[in-house]
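Peer 1: This is the structure I have questions about; it appears just below.
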Amino acid sequence: MTEAHTHGAEELCAEGLSLYVRALRDGRVPAEDAESAPCLAGLGLLHPDEADPGRLRPVAPASVLNRLLRRSAERIADERRREERLETAFAPLLRLDGSRTAADSPALTVLGDKERINEAITEAMADATDELLAIQPNVSPRSVEAQAVALVRDQALLDRGGRIRTLYQHTQRHKPLVLARYEQLRGDAEARTLDEVTDRLIVVDRRVAFIPASRDRSLALEVRHPALIDYFTNVFDRLWHLAVPMHPEAVQRPSMNGISQRQRAIANLLVEGHTDAVIADRLGMNIRTARVHIAKLAATLGSESRAQLGYLIGQSGILAPPE
């Protein structure tokens, strides 16, 4: 009598492994031999021989693994979609009773729509007296109304003696909406830019922060946990010291061997293996502009292919930090 198979469904016992090796060697094995190792059929490593149903043929392990991983990925995706549906369903309830996140932390609050997000930021700004730190990756022309609201509450902070520091991407520094903001603000308001910044971040008086809680930014997280606030401000301060001031005389940086600062930033992402689309997204530009810069970089370095371009970038020394 064969002992019961006690190991998990995703495990392969010694008996099953031995039988599978024999199936690979002989091309097929009798079906009754696999009764003592049902894990092989369960994993899909053996399947019936169409010419002889009484025998089993081995299936390539790579094919089986890919199929099982694909099923696992589908299950994970289903669970993630379920999580998103649950978040959407519970967001109105959380707003109604002021409940906190599932982490049961009173320092974290889910804000479920843009109106509630703006309301929470306005409330935090109304009590602010010291400082506003902000990271704005991209300013859309469609956000004119939102900018007007932000301008009023930001000016109120400046009038109370506070200061404002904002980080943008380099691609934002010439946008009329951004320039108009700093022409209108009166007080200690300063902006700087980088090739790349993090996702949107607002920190008010180093006591409350707001970050996106969903990819489409329809949800936000209000953070009041001191450790997280310290982390956000530390990240901001480090980026701030690396950034370039917004004022006109700081716009142009010297080129190196005919390679502009923008092209050096693109070169860094190219050698990391990113696609044109990812490079454009990371640097806040459209893909056509990114490809123009890549073409200019290739022409300057004398590259004839993408692979050669990566090699020439490494040899050129343009990725070394400026002295």
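Residue names in the structure tokens use chain letters A, B, ... in the order shown, residue numbers from 1 in each chain, and ligand numbers from 1 in the order shown.
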Using only C-alpha atoms, which protein or nucleic acid residues come within 10 Å of Gly44 of chain A? Drop anything in the same chain fewer than 2 positions from it, and give the result as number ranges by chain.

Peer 2: A: 38-42, 46-47, 58-61, 63-65, 67-68

Peer 1: As a PyMOL selection string, please: the residues near segment 197-205 of chain A (cut-off 9 Å, only C-alpha atoms, same-chain neighbours under 4 positions excluded).

Peer 2: chain A and resi 121+124-125+128-138+167-169+193+209-212+229+232-233+236+239+282-283

Peer 1: Extract, using only C-alpha atoms, all DNA, RNA and protein residues at most 10 Å from Gly112 of chain A, discarding same-chain residues fewer than 6 positions from it, and format them as number ranges by chain.

Peer 2: A: 87-88, 90-95, 213-214, 217-221

Peer 1: Using all heavy atoms, can you write the selected residues to a file as a compact mmCIF listing (two decimals), in the first residue's frame?

Peer 2:
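As a result, result-v9.txt now contains:
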```
# COMPACT_ATOMS: atom_id res chain seq x y z
N GLU A 87 -10.52 49.82 -1.02
CA GLU A 87 -10.15 51.19 -0.65
C GLU A 87 -11.19 52.19 -1.16
O GLU A 87 -11.57 53.12 -0.45
CB GLU A 87 -8.77 51.52 -1.23
CG GLU A 87 -7.62 50.82 -0.52
CD GLU A 87 -6.28 51.17 -1.14
OE1 GLU A 87 -6.29 51.84 -2.20
OE2 GLU A 87 -5.25 50.79 -0.57
N THR A 88 -11.62 51.98 -2.40
CA THR A 88 -12.62 52.88 -2.98
C THR A 88 -13.94 52.79 -2.22
O THR A 88 -14.60 53.81 -1.94
CB THR A 88 -12.86 52.53 -4.46
OG1 THR A 88 -11.61 52.65 -5.17
CG2 THR A 88 -13.87 53.46 -5.09
N PHE A 90 -14.41 51.88 0.92
CA PHE A 90 -14.34 52.34 2.31
C PHE A 90 -13.96 53.81 2.43
O PHE A 90 -14.11 54.38 3.52
CB PHE A 90 -13.33 51.48 3.08
CG PHE A 90 -13.92 50.22 3.65
CD1 PHE A 90 -14.14 49.12 2.84
CD2 PHE A 90 -14.29 50.15 4.99
CE1 PHE A 90 -14.68 47.96 3.35
CE2 PHE A 90 -14.84 49.00 5.50
CZ PHE A 90 -15.04 47.90 4.69
N ALA A 91 -13.49 54.43 1.35
CA ALA A 91 -13.06 55.83 1.44
C ALA A 91 -14.18 56.74 1.95
O ALA A 91 -13.95 57.57 2.83
CB ALA A 91 -12.55 56.31 0.08
N PRO A 92 -15.43 56.64 1.43
CA PRO A 92 -16.49 57.51 1.96
C PRO A 92 -16.76 57.26 3.44
O PRO A 92 -17.06 58.19 4.19
CB PRO A 92 -17.71 57.14 1.10
CG PRO A 92 -17.15 56.50 -0.13
CD PRO A 92 -15.92 55.80 0.31
N LEU A 93 -16.66 56.00 3.88
CA LEU A 93 -16.90 55.68 5.29
C LEU A 93 -15.83 56.29 6.18
O LEU A 93 -16.11 56.80 7.27
CB LEU A 93 -16.95 54.16 5.48
CG LEU A 93 -17.98 53.41 4.62
CD1 LEU A 93 -17.90 51.92 4.89
CD2 LEU A 93 -19.37 53.93 4.90
N LEU A 94 -14.57 56.24 5.71
CA LEU A 94 -13.47 56.81 6.48
C LEU A 94 -13.65 58.32 6.63
O LEU A 94 -13.34 58.89 7.67
CB LEU A 94 -12.14 56.50 5.80
CG LEU A 94 -11.73 55.02 5.78
CD1 LEU A 94 -10.50 54.83 4.91
CD2 LEU A 94 -11.46 54.53 7.19
N ARG A 95 -14.17 58.95 5.56
CA ARG A 95 -14.37 60.40 5.64
C ARG A 95 -15.51 60.74 6.59
O ARG A 95 -15.49 61.76 7.28
CB ARG A 95 -14.69 60.96 4.25
CG ARG A 95 -13.52 60.91 3.29
CD ARG A 95 -13.76 61.83 2.11
NE ARG A 95 -14.98 61.52 1.40
CZ ARG A 95 -15.07 60.60 0.44
NH1 ARG A 95 -14.00 59.92 0.09
NH2 ARG A 95 -16.22 60.38 -0.18
N ALA A 213 -1.71 58.75 -2.56
CA ALA A 213 -1.99 57.41 -2.06
C ALA A 213 -2.52 56.50 -3.16
O ALA A 213 -2.94 55.38 -2.90
CB ALA A 213 -3.00 57.48 -0.91
N SER A 214 -2.54 56.99 -4.39
CA SER A 214 -2.95 56.18 -5.54
C SER A 214 -2.24 56.73 -6.78
O SER A 214 -1.80 57.87 -6.80
CB SER A 214 -4.47 56.23 -5.74
OG SER A 214 -4.90 57.55 -6.00
N ARG A 217 -3.65 59.78 -8.28
CA ARG A 217 -3.67 60.90 -7.32
C ARG A 217 -5.08 61.28 -6.90
O ARG A 217 -5.30 62.40 -6.44
CB ARG A 217 -2.93 62.12 -7.90
CG ARG A 217 -1.45 61.86 -8.11
CD ARG A 217 -0.77 63.03 -8.74
NE ARG A 217 0.66 62.79 -8.95
CZ ARG A 217 1.45 63.55 -9.67
NH1 ARG A 217 0.96 64.63 -10.26
NH2 ARG A 217 2.74 63.27 -9.80
N SER A 218 -6.02 60.38 -7.05
CA SER A 218 -7.37 60.66 -6.57
C SER A 218 -7.46 60.46 -5.06
O SER A 218 -8.39 60.94 -4.42
CB SER A 218 -8.38 59.74 -7.27
OG SER A 218 -8.09 58.38 -7.01
N LEU A 219 -6.50 59.73 -4.49
CA LEU A 219 -6.40 59.53 -3.05
C LEU A 219 -5.10 60.14 -2.55
O LEU A 219 -4.09 60.15 -3.26
CB LEU A 219 -6.42 58.05 -2.69
CG LEU A 219 -7.67 57.24 -3.03
CD1 LEU A 219 -7.45 55.78 -2.67
CD2 LEU A 219 -8.89 57.78 -2.32
N ALA A 220 -5.13 60.66 -1.34
CA ALA A 220 -3.92 61.20 -0.72
C ALA A 220 -3.82 60.67 0.70
O ALA A 220 -4.81 60.22 1.29
CB ALA A 220 -3.93 62.72 -0.73
N LEU A 221 -2.62 60.73 1.24
CA LEU A 221 -2.39 60.31 2.61
C LEU A 221 -1.93 61.52 3.42
O LEU A 221 -0.97 62.19 3.05
CB LEU A 221 -1.32 59.21 2.65
CG LEU A 221 -1.22 58.37 3.91
CD1 LEU A 221 -2.51 57.59 4.14
CD2 LEU A 221 -0.04 57.41 3.82
```

Peer 1: I need the residues of segment 40-182 of chain A that end up classed as alpha helix (DSSP H) by DSSP on the backbone, written out as a VMD selection string.

Peer 2: chain A and resid 40 to 43 61 to 97 114 to 126 144 to 159 176 to 182

Peer 1: Measure the distance from atom CA of Leu151 of chain A to atom CA of His170 of chain A in Å and round it to one decimal.

Peer 2: 21.2 Å

Peer 1: Using DSSP on the backbone coordinates, identify the residues of segment 94-283 of chain A assigned to strand (DSSP E or B); present them as a PyMOL selection string.

Peer 2: chain A and resi 108-111+131-136+163-169+188-194+201-204+208-212+220-223+244-245+256+259

Peer 1: With C-alpha atoms retained, write the just-selected residues as a compact mmCIF listing (two decimals), in the first residue's frame.

Peer 2:
```
# COMPACT_ATOMS: atom_id res chain seq x y z
CA LEU A 108 -2.21 58.51 9.07
CA THR A 109 -5.45 59.48 7.35
CA VAL A 110 -6.73 58.54 3.88
CA LEU A 111 -8.21 61.49 1.96
CA GLU A 131 7.44 76.81 6.70
CA LEU A 132 5.97 75.09 3.66
CA LEU A 133 8.08 72.53 1.79
CA ALA A 134 6.74 71.30 -1.54
CA ILE A 135 7.83 69.05 -4.40
CA GLN A 136 5.88 69.60 -7.61
CA ARG A 163 8.78 80.85 4.25
CA ILE A 164 8.11 78.63 1.24
CA ARG A 165 10.57 76.34 -0.53
CA THR A 166 9.47 74.46 -3.65
CA LEU A 167 11.28 71.92 -5.84
CA TYR A 168 10.40 71.48 -9.52
CA GLN A 169 11.92 69.58 -12.42
CA ASP A 188 10.41 84.54 1.57
CA ALA A 189 9.40 82.22 -1.30
CA GLU A 190 12.14 80.37 -3.18
CA ALA A 191 12.11 77.71 -5.89
CA ARG A 192 14.80 75.39 -7.19
CA THR A 193 14.90 72.72 -9.90
CA LEU A 194 16.44 69.29 -10.56
CA LEU A 201 5.03 66.10 -1.49
CA ILE A 202 3.77 68.87 0.80
CA VAL A 203 5.12 69.36 4.33
CA VAL A 204 3.57 72.07 6.54
CA VAL A 208 1.94 67.34 8.77
CA ALA A 209 2.66 66.05 5.25
CA PHE A 210 0.57 65.10 2.24
CA ILE A 211 1.60 62.48 -0.32
CA PRO A 212 -0.29 60.63 -3.13
CA ALA A 220 -3.92 61.20 -0.72
CA LEU A 221 -2.39 60.31 2.61
CA GLU A 222 -2.26 62.85 5.41
CA VAL A 223 0.78 62.02 7.54
CA VAL A 244 19.58 74.77 -8.99
CA PRO A 245 18.03 78.12 -7.95
CA MET A 256 31.15 69.41 -20.83
CA ILE A 259 27.26 67.83 -23.72
```

Peer 1: Skipping near chain neighbours, those fewer than 6 positions away, what residues fall within 12 Å of Ala280 of chain A using only C-alpha atoms, listed as a list in words?

Peer 2: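 So the residues in contact are Gln169, Thr171, Asp195, Glu196, Arg262, Gln263, Ala265, Ile266, Leu269, Leu270, His274, Asn286, Ile287, Arg288, Thr289, Ala290, Arg291, Val292, His293 and Ile294 of chain A.
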